[in-house]
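Heads up, structure-v8.tsv below (TSV, C-alpha atoms and all ligand atoms):
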chain	number	residue	atom	x	y	z
B	15	MET	CA	7.94	-10.60	-41.05
B	16	ASP	CA	5.40	-8.99	-38.65
B	17	LYS	CA	5.44	-11.52	-35.87
B	18	ASP	CA	8.36	-13.69	-34.78
B	19	ILE	CA	8.00	-17.37	-35.66
B	20	TYR	CA	9.12	-19.97	-33.12
B	21	ILE	CA	9.33	-23.60	-34.25
B	22	LEU	CA	10.21	-26.63	-32.15
B	23	GLY	CA	12.24	-29.15	-34.16
B	24	ILE	CA	12.54	-32.86	-33.29
B	25	GLU	CA	15.01	-35.30	-34.87
B	26	THR	CA	15.30	-39.05	-34.14
B	27	SER	CA	16.00	-40.61	-37.55
B	28	CYS	CA	19.21	-42.42	-36.54
B	29	ASP	CA	21.26	-42.32	-33.35
B	30	GLU	CA	20.85	-38.76	-32.05
B	31	THR	CA	17.83	-37.76	-29.99
B	32	ALA	CA	17.50	-34.03	-30.60
B	33	ALA	CA	15.17	-31.08	-30.01
B	34	SER	CA	15.65	-27.40	-30.75
B	35	VAL	CA	13.78	-24.12	-30.86
B	36	ILE	CA	14.48	-21.78	-33.78
B	37	LYS	CA	13.35	-18.17	-34.17
B	38	ASN	CA	12.36	-16.95	-37.64
B	39	GLY	CA	14.09	-19.90	-39.32
B	40	ASN	CA	17.59	-18.57	-38.76
B	41	GLU	CA	18.27	-18.01	-35.07
B	42	ILE	CA	19.06	-20.85	-32.66
B	43	ILE	CA	17.32	-20.31	-29.32
B	44	SER	CA	18.13	-23.79	-27.98
B	45	ASN	CA	19.70	-26.89	-29.50
B	46	ILE	CA	19.85	-30.11	-27.48
B	47	VAL	CA	21.44	-33.31	-28.81
B	48	ALA	CA	21.63	-36.55	-26.82
B	49	SER	CA	24.07	-38.82	-28.63
B	50	GLN	CA	24.10	-42.61	-28.44
B	51	ILE	CA	27.56	-42.94	-29.89
B	52	GLN	CA	29.07	-44.49	-26.75
B	53	SER	CA	26.42	-47.18	-26.70
B	54	GLN	CA	26.65	-47.85	-30.48
B	55	GLN	CA	30.44	-48.15	-30.25
B	56	ARG	CA	30.07	-51.38	-28.30
B	57	PHE	CA	28.35	-52.92	-31.34
B	58	GLY	CA	30.47	-51.22	-34.02
B	59	GLY	CA	27.47	-49.43	-35.49
B	60	VAL	CA	23.83	-48.50	-35.04
B	61	VAL	CA	21.57	-51.35	-33.90
B	62	PRO	CA	18.01	-50.21	-34.76
B	63	GLU	CA	16.31	-51.69	-31.67
B	64	ILE	CA	18.87	-50.17	-29.35
B	65	ALA	CA	18.59	-46.79	-31.10
B	66	SER	CA	14.80	-46.85	-30.62
B	67	ARG	CA	15.13	-47.71	-26.94
B	68	HIS	CA	17.51	-44.80	-26.39
B	69	HIS	CA	15.13	-42.45	-28.18
B	70	VAL	CA	12.23	-43.54	-25.96
B	71	GLU	CA	14.31	-42.89	-22.85
B	72	GLN	CA	15.58	-39.51	-23.99
B	73	ILE	CA	12.90	-37.84	-26.10
B	74	THR	CA	10.75	-36.25	-23.37
B	75	LEU	CA	13.77	-34.97	-21.45
B	76	VAL	CA	15.34	-33.55	-24.59
B	77	ILE	CA	12.15	-31.70	-25.62
B	78	GLU	CA	11.71	-30.32	-22.07
B	79	GLU	CA	15.30	-29.14	-22.02
B	80	ALA	CA	14.98	-27.46	-25.43
B	81	LEU	CA	11.94	-25.52	-24.19
B	82	SER	CA	13.38	-24.58	-20.82
B	83	GLU	CA	16.66	-23.43	-22.37
B	84	ALA	CA	14.66	-21.35	-24.84
B	85	GLY	CA	12.64	-19.92	-21.94
B	86	LEU	CA	9.42	-20.51	-23.86
B	87	GLU	CA	6.05	-22.01	-22.97
B	88	PRO	CA	4.59	-24.45	-25.53
B	89	MET	CA	1.78	-21.96	-26.30
B	90	GLU	CA	4.37	-19.44	-27.51
B	91	LEU	CA	5.41	-21.82	-30.32
B	92	ASP	CA	3.93	-21.64	-33.84
B	93	ALA	CA	4.43	-25.27	-34.89
B	94	VAL	CA	6.29	-28.52	-34.29
B	95	ALA	CA	8.58	-29.77	-37.07
B	96	VAL	CA	9.72	-33.39	-37.00
B	97	THR	CA	11.85	-35.63	-39.23
B	98	GLU	CA	9.36	-37.74	-41.22
B	99	GLY	CA	12.04	-39.70	-43.13
B	100	PRO	CA	14.29	-41.16	-44.38
B	101	GLY	CA	15.85	-43.12	-41.51
B	102	LEU	CA	15.26	-46.12	-39.27
B	103	VAL	CA	11.51	-46.62	-39.06
B	104	GLY	CA	11.41	-47.45	-35.35
B	105	ALA	CA	13.61	-44.46	-34.55
B	106	LEU	CA	11.57	-42.09	-36.73
B	107	LEU	CA	8.33	-43.19	-35.09
B	108	ILE	CA	9.51	-42.18	-31.61
B	109	GLY	CA	10.13	-38.60	-32.73
B	110	ILE	CA	6.93	-38.47	-34.78
B	111	ASN	CA	4.77	-39.77	-31.93
B	112	ALA	CA	6.37	-37.35	-29.48
B	113	ALA	CA	5.74	-34.51	-31.95
B	114	LYS	CA	2.13	-35.56	-32.48
B	115	ALA	CA	1.44	-35.78	-28.74
B	116	PHE	CA	3.09	-32.41	-28.13
B	117	ALA	CA	1.25	-30.75	-31.03
B	118	PHE	CA	-2.10	-32.24	-30.00
B	119	ALA	CA	-1.72	-31.29	-26.33
B	120	ASN	CA	-0.80	-27.72	-27.20
B	121	GLY	CA	-3.04	-27.15	-30.23
B	122	LEU	CA	-0.09	-26.65	-32.61
B	123	PRO	CA	0.29	-27.63	-36.26
B	124	ILE	CA	2.76	-30.41	-37.09
B	125	ILE	CA	5.13	-30.34	-40.08
B	126	GLY	CA	6.95	-33.39	-41.48
B	127	VAL	CA	10.48	-32.58	-42.64
B	128	HIS	CA	12.75	-34.57	-44.96
B	129	HIS	CA	16.01	-35.28	-43.12
B	130	ILE	CA	18.14	-34.12	-46.06
B	131	ALA	CA	16.14	-30.90	-46.45
B	132	GLY	CA	17.08	-30.40	-42.80
B	133	HIS	CA	20.79	-30.91	-43.50
B	134	ILE	CA	20.57	-28.37	-46.34
B	135	TYR	CA	18.69	-25.82	-44.20
B	136	ALA	CA	21.35	-26.04	-41.47
B	137	ASN	CA	23.07	-23.50	-43.72
B	138	GLN	CA	20.18	-21.07	-43.32
B	139	LEU	CA	21.18	-20.83	-39.64
B	140	MET	CA	24.51	-19.35	-40.75
B	141	GLN	CA	23.71	-17.12	-43.74
B	142	PRO	CA	20.70	-16.52	-46.03
B	143	MET	CA	20.42	-18.93	-48.95
B	144	GLU	CA	20.84	-17.46	-52.43
B	145	PHE	CA	19.43	-19.16	-55.50
B	146	PRO	CA	20.22	-20.95	-57.70
B	147	LEU	CA	22.07	-22.89	-55.05
B	148	LEU	CA	24.01	-26.15	-55.29
B	149	ALA	CA	24.07	-28.42	-52.23
B	150	LEU	CA	26.54	-31.26	-51.77
B	151	ILE	CA	24.96	-33.63	-49.27
B	152	VAL	CA	27.31	-36.18	-47.74
B	153	SER	CA	26.09	-38.21	-44.80
B	154	GLY	CA	25.93	-41.75	-43.51
B	155	GLY	CA	23.02	-42.57	-45.81
B	156	HIS	CA	23.33	-40.05	-48.66
B	157	THR	CA	25.72	-38.65	-51.23
B	158	GLU	CA	23.86	-36.24	-53.47
B	159	LEU	CA	24.21	-33.08	-55.51
B	160	VAL	CA	20.98	-31.09	-55.32
B	161	LEU	CA	20.14	-27.95	-57.29
B	162	MET	CA	17.74	-25.49	-55.65
B	163	GLU	CA	16.08	-22.75	-57.73
B	164	ASN	CA	14.09	-21.51	-54.74
B	165	HIS	CA	13.10	-22.37	-51.17
B	166	GLY	CA	11.57	-25.82	-51.11
B	167	SER	CA	12.60	-26.75	-54.67
B	168	PHE	CA	15.00	-29.67	-54.99
B	169	LYS	CA	16.40	-31.11	-58.21
B	170	LEU	CA	18.64	-34.15	-57.87
B	171	ILE	CA	21.50	-33.88	-60.37
B	172	GLY	CA	23.78	-36.60	-59.00
B	173	GLU	CA	23.77	-39.34	-56.38
B	174	THR	CA	25.73	-42.37	-55.26
B	175	ARG	CA	25.18	-45.58	-57.19
B	176	ASP	CA	26.21	-47.73	-54.23
B	177	ASP	CA	27.62	-46.75	-50.82
B	178	ALA	CA	27.12	-43.31	-49.34
B	179	ALA	CA	30.32	-41.41	-48.52
B	180	GLY	CA	29.78	-41.76	-44.76
B	181	GLU	CA	29.03	-45.46	-45.15
B	182	ALA	CA	32.34	-45.91	-47.00
B	183	TYR	CA	34.13	-44.04	-44.20
B	184	ASP	CA	32.52	-46.25	-41.57
B	185	LYS	CA	33.28	-49.50	-43.45
B	186	VAL	CA	36.91	-48.61	-44.18
B	187	ALA	CA	37.35	-47.58	-40.54
B	188	ARG	CA	36.10	-51.00	-39.49
B	189	VAL	CA	38.59	-52.71	-41.80
B	190	LEU	CA	41.34	-50.63	-40.17
B	191	GLY	CA	40.11	-51.55	-36.68
B	192	LEU	CA	39.05	-47.98	-35.83
B	193	PRO	CA	36.08	-47.21	-33.58
B	194	TYR	CA	32.57	-46.26	-34.74
B	195	PRO	CA	31.75	-43.78	-36.21
B	196	GLY	CA	34.64	-44.13	-38.61
B	197	GLY	CA	34.53	-40.71	-40.26
B	198	PRO	CA	36.09	-38.65	-37.48
B	199	ALA	CA	38.70	-41.38	-36.75
B	200	ILE	CA	39.84	-41.59	-40.40
B	201	ASP	CA	39.84	-37.79	-40.67
B	202	ARG	CA	42.14	-37.53	-37.64
B	203	LEU	CA	44.52	-40.27	-38.86
B	204	ALA	CA	44.63	-38.81	-42.37
B	205	HIS	CA	45.69	-35.47	-40.95
B	206	GLU	CA	48.49	-36.94	-38.86
B	207	SER	CA	49.82	-39.05	-41.74
B	208	ASP	CA	53.09	-38.24	-43.50
B	209	ASP	CA	52.29	-40.45	-46.51
B	210	ALA	CA	49.29	-41.78	-48.44
B	211	VAL	CA	48.59	-45.06	-50.24
B	212	GLU	CA	47.50	-44.41	-53.84
B	213	PHE	CA	43.89	-45.56	-54.37
B	214	PRO	CA	41.75	-45.21	-57.54
B	215	ARG	CA	39.26	-42.38	-58.17
B	216	ALA	CA	35.75	-43.39	-59.28
B	217	TRP	CA	34.98	-40.74	-61.92
B	218	LEU	CA	32.28	-42.83	-63.74
B	219	GLU	CA	31.24	-41.35	-67.11
B	220	LEU	CA	32.75	-37.98	-67.92
B	221	ASP	CA	29.49	-36.04	-67.87
B	222	SER	CA	27.97	-37.82	-64.87
B	223	TYR	CA	27.47	-36.20	-61.48
B	224	ASP	CA	26.87	-39.60	-59.91
B	225	PHE	CA	29.24	-41.07	-57.35
B	226	SER	CA	30.44	-44.57	-56.46
B	227	PHE	CA	32.40	-45.53	-53.37
B	228	SER	CA	32.13	-49.31	-53.18
B	229	GLY	CA	35.06	-49.83	-55.59
B	230	LEU	CA	37.27	-47.66	-53.41
B	231	LYS	CA	36.18	-49.59	-50.33
B	232	SER	CA	37.10	-52.88	-52.09
B	233	ALA	CA	40.44	-51.40	-53.17
B	234	VAL	CA	41.24	-50.65	-49.52
B	235	ILE	CA	40.26	-54.18	-48.44
B	236	ASN	CA	42.33	-55.75	-51.26
B	237	TYR	CA	45.33	-53.59	-50.45
B	238	LYS	CA	45.22	-54.70	-46.81
B	239	HIS	CA	44.78	-58.41	-47.64
B	240	ASN	CA	47.53	-58.43	-50.28
B	241	LEU	CA	49.98	-56.66	-48.03
B	242	GLU	CA	49.18	-58.93	-45.06
B	243	GLN	CA	49.59	-62.04	-47.22
B	244	LYS	CA	53.05	-60.86	-48.21
B	245	GLY	CA	53.88	-60.33	-44.56
B	246	GLY	CA	53.95	-56.53	-44.99
B	247	GLU	CA	52.81	-54.04	-42.38
B	248	VAL	CA	49.62	-52.07	-43.00
B	249	ILE	CA	50.01	-48.53	-41.70
B	250	PRO	CA	46.46	-47.34	-40.91
B	251	ALA	CA	47.34	-43.63	-41.20
B	252	HIS	CA	48.68	-44.10	-44.74
B	253	VAL	CA	45.56	-46.02	-45.77
B	254	ALA	CA	43.29	-43.43	-44.14
B	255	ALA	CA	45.10	-40.59	-45.90
B	256	GLY	CA	44.92	-42.32	-49.32
B	257	PHE	CA	41.26	-43.19	-48.90
B	258	GLN	CA	40.37	-39.67	-47.81
B	259	GLN	CA	42.30	-38.13	-50.72
B	260	SER	CA	40.35	-40.23	-53.20
B	261	VAL	CA	36.94	-39.37	-51.67
B	262	VAL	CA	37.73	-35.68	-51.31
B	263	GLU	CA	39.13	-35.27	-54.83
B	264	VAL	CA	36.07	-36.84	-56.48
B	265	LEU	CA	33.58	-34.91	-54.32
B	266	THR	CA	35.37	-31.59	-54.90
B	267	THR	CA	35.84	-32.03	-58.65
B	268	LYS	CA	32.23	-33.03	-59.36
B	269	THR	CA	30.76	-30.33	-57.11
B	270	LEU	CA	32.89	-27.65	-58.77
B	271	LYS	CA	31.96	-28.84	-62.28
B	272	ALA	CA	28.24	-28.82	-61.43
B	273	ALA	CA	28.46	-25.36	-59.82
B	274	LYS	CA	29.94	-23.97	-63.04
B	275	GLU	CA	27.55	-25.78	-65.36
B	276	TYR	CA	24.47	-24.55	-63.46
B	277	ASN	CA	25.96	-21.11	-62.85
B	278	VAL	CA	24.92	-21.11	-59.20
B	279	LYS	CA	25.15	-18.13	-56.85
B	280	GLN	CA	26.01	-20.22	-53.81
B	281	VAL	CA	27.39	-23.67	-53.00
B	282	ILE	CA	26.82	-25.32	-49.65
B	283	ALA	CA	27.93	-28.59	-48.09
B	284	ALA	CA	25.75	-30.49	-45.63
B	285	GLY	CA	25.58	-33.74	-43.69
B	286	GLY	CA	27.88	-35.59	-41.31
B	287	VAL	CA	30.77	-36.04	-43.78
B	288	ALA	CA	30.76	-32.25	-44.34
B	289	ALA	CA	32.39	-32.19	-40.88
B	290	ASN	CA	35.48	-33.69	-42.55
B	291	LYS	CA	38.47	-31.37	-42.27
B	292	GLY	CA	40.04	-32.53	-45.52
B	293	LEU	CA	36.80	-32.09	-47.48
B	294	ARG	CA	36.08	-28.66	-46.00
B	295	ALA	CA	39.59	-27.41	-46.83
B	296	SER	CA	39.48	-28.82	-50.36
B	297	LEU	CA	36.04	-27.34	-51.18
B	298	GLU	CA	36.94	-23.98	-49.63
B	299	ALA	CA	40.13	-23.74	-51.71
B	300	ALA	CA	38.46	-24.86	-54.95
B	301	PHE	CA	35.58	-22.36	-54.71
B	302	GLU	CA	37.76	-19.50	-53.51
B	303	ASN	CA	39.83	-19.96	-56.67
B	304	GLU	CA	36.70	-19.69	-58.80
B	305	GLY	CA	35.16	-16.80	-56.85
B	306	ILE	CA	31.98	-18.79	-56.13
B	307	PRO	CA	30.57	-18.31	-52.59
B	308	PHE	CA	30.92	-21.57	-50.65
B	309	TYR	CA	29.60	-22.26	-47.16
B	310	VAL	CA	29.62	-25.16	-44.75
B	311	PRO	CA	28.03	-25.01	-41.29
B	312	PRO	CA	30.04	-25.52	-38.09
B	313	ILE	CA	30.64	-29.20	-37.31
B	314	SER	CA	27.87	-29.37	-34.66
B	315	LEU	CA	25.32	-28.39	-37.35
B	316	CYS	CA	26.74	-30.84	-39.95
B	317	THR	CA	26.04	-33.96	-37.91
B	318	ASP	CA	22.44	-34.82	-37.00
B	319	ASN	CA	20.64	-32.18	-34.94
B	320	ALA	CA	17.14	-30.73	-34.56
B	321	ALA	CA	18.01	-27.08	-35.27
B	322	MET	CA	18.29	-28.00	-38.96
B	323	ILE	CA	14.88	-29.70	-38.86
B	324	ALA	CA	13.32	-26.62	-37.25
B	325	ALA	CA	15.04	-24.38	-39.83
B	326	ALA	CA	13.63	-26.38	-42.76
B	327	GLY	CA	10.31	-26.64	-40.89
B	328	THR	CA	10.14	-22.85	-40.66
B	329	ALA	CA	10.63	-22.49	-44.43
B	330	MET	CA	7.81	-25.03	-44.93
B	331	PHE	CA	5.60	-23.28	-42.35
B	332	VAL	CA	6.04	-19.93	-44.11
B	333	ASP	CA	5.08	-21.64	-47.39
B	334	GLY	CA	1.85	-22.89	-45.82
B	335	GLN	CA	2.91	-26.54	-45.54
B	336	ARG	CA	1.17	-28.51	-42.79
B	337	GLY	CA	1.15	-32.19	-41.85
B	338	ASN	CA	-1.54	-34.03	-39.96
B	339	MET	CA	-2.01	-36.55	-37.19
B	340	GLY	CA	-1.92	-39.40	-39.71
B	341	MET	CA	1.81	-38.83	-40.23
B	342	ASN	CA	3.87	-42.02	-40.30
B	343	GLY	CA	7.60	-42.69	-40.39
B	344	ARG	CA	8.81	-42.92	-44.01
B	345	PRO	CA	12.11	-44.83	-44.03
B	346	GLY	CA	12.58	-44.50	-47.80
B	347	MET	CA	11.14	-40.97	-48.19
B	348	SER	CA	12.50	-39.19	-51.27
B	349	LEU	CA	13.41	-35.53	-51.37
B	350	THR	CA	10.57	-33.93	-53.28
B	351	SER	CA	9.93	-30.21	-53.67
B	352	TRP	CA	7.30	-28.54	-51.50
B	353	SER	CA	7.25	-25.53	-53.83
B	354	LYS	CA	7.98	-25.09	-57.54
W	1	LIG	O1	24.48	-36.73	-41.15
W	1	LIG	P1	24.94	-37.76	-40.18
W	1	LIG	O2	25.25	-37.31	-38.76
W	1	LIG	O3	23.89	-38.92	-40.07
W	1	LIG	C1	23.21	-39.36	-41.22
W	1	LIG	O4	22.22	-38.71	-41.57
W	1	LIG	O5	23.70	-40.33	-41.81
W	1	LIG	O6	26.22	-38.47	-40.81
W	1	LIG	C2	26.88	-39.52	-40.16
W	1	LIG	C3	28.09	-39.91	-41.00
W	1	LIG	C4	28.81	-41.13	-40.45
W	1	LIG	O7	29.02	-42.03	-41.52
W	1	LIG	C5	30.14	-40.56	-39.95
W	1	LIG	O8	31.22	-41.46	-40.05
W	1	LIG	C6	30.34	-39.38	-40.89
W	1	LIG	O9	29.04	-38.83	-41.03
W	1	LIG	N1	31.23	-38.38	-40.35
W	1	LIG	C7	32.42	-38.07	-40.93
W	1	LIG	C8	33.05	-37.12	-40.08
W	1	LIG	N2	32.21	-36.88	-39.02
W	1	LIG	C9	31.12	-37.65	-39.20
W	1	LIG	N3	32.98	-38.52	-42.06
W	1	LIG	C10	34.18	-38.02	-42.38
W	1	LIG	N4	34.87	-37.14	-41.63
W	1	LIG	C11	34.35	-36.66	-40.48
W	1	LIG	N5	35.03	-35.78	-39.74
W	2	ZN	ZN	21.90	-36.88	-41.17

Encoding of this model in structure tokens:
Amino acid sequence: MDKDIYILGIETSCDETAASVIKNGNEIISNIVASQIQSQQRFGGVVPEIASRHHVEQITLVIEEALSEAGLEPMELDAVAVTEGPGLVGALLIGINAAKAFAFANGLPIIGVHHIAGHIYANQLMQPMEFPLLALIVSGGHTELVLMENHGSFKLIGETRDDAAGEAYDKVARVLGLPYPGGPAIDRLAHESDDAVEFPRAWLELDSYDFSFSGLKSAVINYKHNLEQKGGEVIPAHVAAGFQQSVVEVLTTKTLKAAKEYNVKQVIAAGGVAANKGLRASLEAAFENEGIPFYVPPISLCTDNAAMIAAAGTAMFVDGQRGNMGMNGRPGMSLTSWSK
């Protein structure tokens, strides 16, 4: 690389308003995240209109802070990368419009990034990617196994048929009366627990890399109702531990099987649920046993952030990808390859 590449990343697809500057696709110069979690907790989840209002209030401040922390003037940047989808349409549009205005005012190209490509590229901020690579993506909206033969090439080999892993965490947490977001609360309880309720594992067909979590969610609800009807006491920690064991075992087993079948050089985990202590420990142990390199970013880069969007945006920029001022929010955007 002759000249350093500086990309500003912007992320507003859900409930974090985030901006970050990344150097050469792998070095974090600044990384600002304004979370709305406290506000969403009052409603037990993300209310789209409220999320959008928070983004409007925060976006300019967050971008200014990312630039001032980086010590860069806008003209020193090479491009602006922004989450184009998937996500809440109103939320996406705030980031996209801010990116367009910033790019137009400063004569910079704009690049639309897929949110999940961002989660995957969070790993590039920790160590170089090696291909073929298998990515396990587990977030509030996605549970996917993606095979990458090269930068910008994504082949979906498995996905959830119903709830995403994070969604199941959040719903089960609600049933147990835990605060939003449910993932961290269940993770904590599961770790403190001295026992675990036995819940089923959704393996689906033997050769399938698909996932299903709605049956497990129903099993938790039924367990609670049945026990309450009999006058028994539901111990949330035991339920949390049993639920987490079921999710973690299925995710680990399928990821390991796919890694072997596709003979990959590297396995990575990405997305908010990759922050889960139980899942991280289980994947680390499974891949260490097999001698397959496994990586997961630090927790702050697993949950939504803009550094990951700038990292993926840099890979796209280097590949000559450019968006235009007609860019729109794409709530149902699918993860398609930008290179073969
Ligand atoms: O990637 P993310 O920040 O946003 C989406 O793109 O969806 O993921 C959010 C999801 C939420 O469902 C949250 O409960 C879950 O990630 N999550 C966790 C943990 N931390 C966050 N799930 C399990 N264990 C955790 N420690
Ligand atoms: Zn996400």

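The spacing separating atom N3 of ligand LIG 1 (chain W) from atom CA of B:Val281 amounts to 19.3 Å.
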
- request: Residues within 10 Å of ligand LIG 1 (chain W) should be enumerated using all atoms listed in the file and returned as a VMD selection string.
  value: chain B and resid 27 to 30 59 100 to 101 129 to 130 132 to 133 151 to 157 178 to 185 187 193 to 202 204 258 261 to 262 284 to 294 313 to 319

Saved selection, atoms kept: C-alpha atoms, as a short mmCIF file (atom, residue, chain, number, x, y, z; two decimals), keeping the file's coordinate frame:
data_model
loop_
_atom_site.label_atom_id
_atom_site.label_comp_id
_atom_site.auth_asym_id
_atom_site.auth_seq_id
_atom_site.Cartn_x
_atom_site.Cartn_y
_atom_site.Cartn_z
CA SER B 27 16.00 -40.61 -37.55
CA CYS B 28 19.21 -42.42 -36.54
CA ASP B 29 21.26 -42.32 -33.35
CA GLU B 30 20.85 -38.76 -32.05
CA GLY B 59 27.47 -49.43 -35.49
CA PRO B 100 14.29 -41.16 -44.38
CA GLY B 101 15.85 -43.12 -41.51
CA HIS B 129 16.01 -35.28 -43.12
CA ILE B 130 18.14 -34.12 -46.06
CA GLY B 132 17.08 -30.40 -42.80
CA HIS B 133 20.79 -30.91 -43.50
CA ILE B 151 24.96 -33.63 -49.27
CA VAL B 152 27.31 -36.18 -47.74
CA SER B 153 26.09 -38.21 -44.80
CA GLY B 154 25.93 -41.75 -43.51
CA GLY B 155 23.02 -42.57 -45.81
CA HIS B 156 23.33 -40.05 -48.66
CA THR B 157 25.72 -38.65 -51.23
CA ALA B 178 27.12 -43.31 -49.34
CA ALA B 179 30.32 -41.41 -48.52
CA GLY B 180 29.78 -41.76 -44.76
CA GLU B 181 29.03 -45.46 -45.15
CA ALA B 182 32.34 -45.91 -47.00
CA TYR B 183 34.13 -44.04 -44.20
CA ASP B 184 32.52 -46.25 -41.57
CA LYS B 185 33.28 -49.50 -43.45
CA ALA B 187 37.35 -47.58 -40.54
CA PRO B 193 36.08 -47.21 -33.58
CA TYR B 194 32.57 -46.26 -34.74
CA PRO B 195 31.75 -43.78 -36.21
CA GLY B 196 34.64 -44.13 -38.61
CA GLY B 197 34.53 -40.71 -40.26
CA PRO B 198 36.09 -38.65 -37.48
CA ALA B 199 38.70 -41.38 -36.75
CA ILE B 200 39.84 -41.59 -40.40
CA ASP B 201 39.84 -37.79 -40.67
CA ARG B 202 42.14 -37.53 -37.64
CA ALA B 204 44.63 -38.81 -42.37
CA GLN B 258 40.37 -39.67 -47.81
CA VAL B 261 36.94 -39.37 -51.67
CA VAL B 262 37.73 -35.68 -51.31
CA ALA B 284 25.75 -30.49 -45.63
CA GLY B 285 25.58 -33.74 -43.69
CA GLY B 286 27.88 -35.59 -41.31
CA VAL B 287 30.77 -36.04 -43.78
CA ALA B 288 30.76 -32.25 -44.34
CA ALA B 289 32.39 -32.19 -40.88
CA ASN B 290 35.48 -33.69 -42.55
CA LYS B 291 38.47 -31.37 -42.27
CA GLY B 292 40.04 -32.53 -45.52
CA LEU B 293 36.80 -32.09 -47.48
CA ARG B 294 36.08 -28.66 -46.00
CA ILE B 313 30.64 -29.20 -37.31
CA SER B 314 27.87 -29.37 -34.66
CA LEU B 315 25.32 -28.39 -37.35
CA CYS B 316 26.74 -30.84 -39.95
CA THR B 317 26.04 -33.96 -37.91
CA ASP B 318 22.44 -34.82 -37.00
CA ASN B 319 20.64 -32.18 -34.94
#

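With atom CA of B:Ala80 on one side and atom CA of B:Ser348 on the other, the separation reads 28.5 Å.
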
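Distances to B:Lys238 were evaluated for B:Gly256, B:Gly58, B:Gly172, B:Pro250 using all atoms listed in the file, and the minimum falls at B:Pro250.
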
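Comparing the minimum interatomic distances between B:Gly229 and each of B:Glu242, B:Tyr20, B:Thr174, B:Gln280, counting all atoms listed in the file, we find that B:Thr174 sits nearest.
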
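When only C-alpha atoms and all ligand atoms are used to measure the gap to ligand ZN 2 (chain W), the shortest distance among B:Ser222, B:Asn120, B:Gln138, B:Thr31 belongs to B:Thr31.
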
Close residues, B:Leu150 itself excluded, 6 Å, all atoms listed in the file, min 3 positions apart in chain, as a PDB file with C-alpha atoms, keeping the file's coordinate frame:
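Heads up, here's the output in result.pdb:
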ATOM      1  CA  GLU B 158      23.860 -36.240 -53.470  1.00  0.00           C
ATOM      2  CA  LEU B 159      24.210 -33.080 -55.510  1.00  0.00           C
ATOM      3  CA  ALA B 283      27.930 -28.590 -48.090  1.00  0.00           C
TER       4      ALA B 283
END

Report, as JSON, the centre and edge lengths in Å (one decimal) of the axis-aligned box enclosing every listed atom of stretch 45-49 of chain B, padded by 6 Å on each side.
{"center_x": 21.9, "center_y": -32.9, "center_z": -28.2, "size_x": 16.4, "size_y": 23.9, "size_z": 14.7}

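Of the residues under consideration (B:Ala320, B:Glu90, B:Gly191, B:Ala115), B:Ala320 shows the shortest atom-to-atom contact distance to ligand ZN 2 (chain W) when counting only C-alpha atoms and all ligand atoms.
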
Expressed in Å, the length from atom CA of B:Lys37 to atom CA of B:Ser82 is 14.8 Å
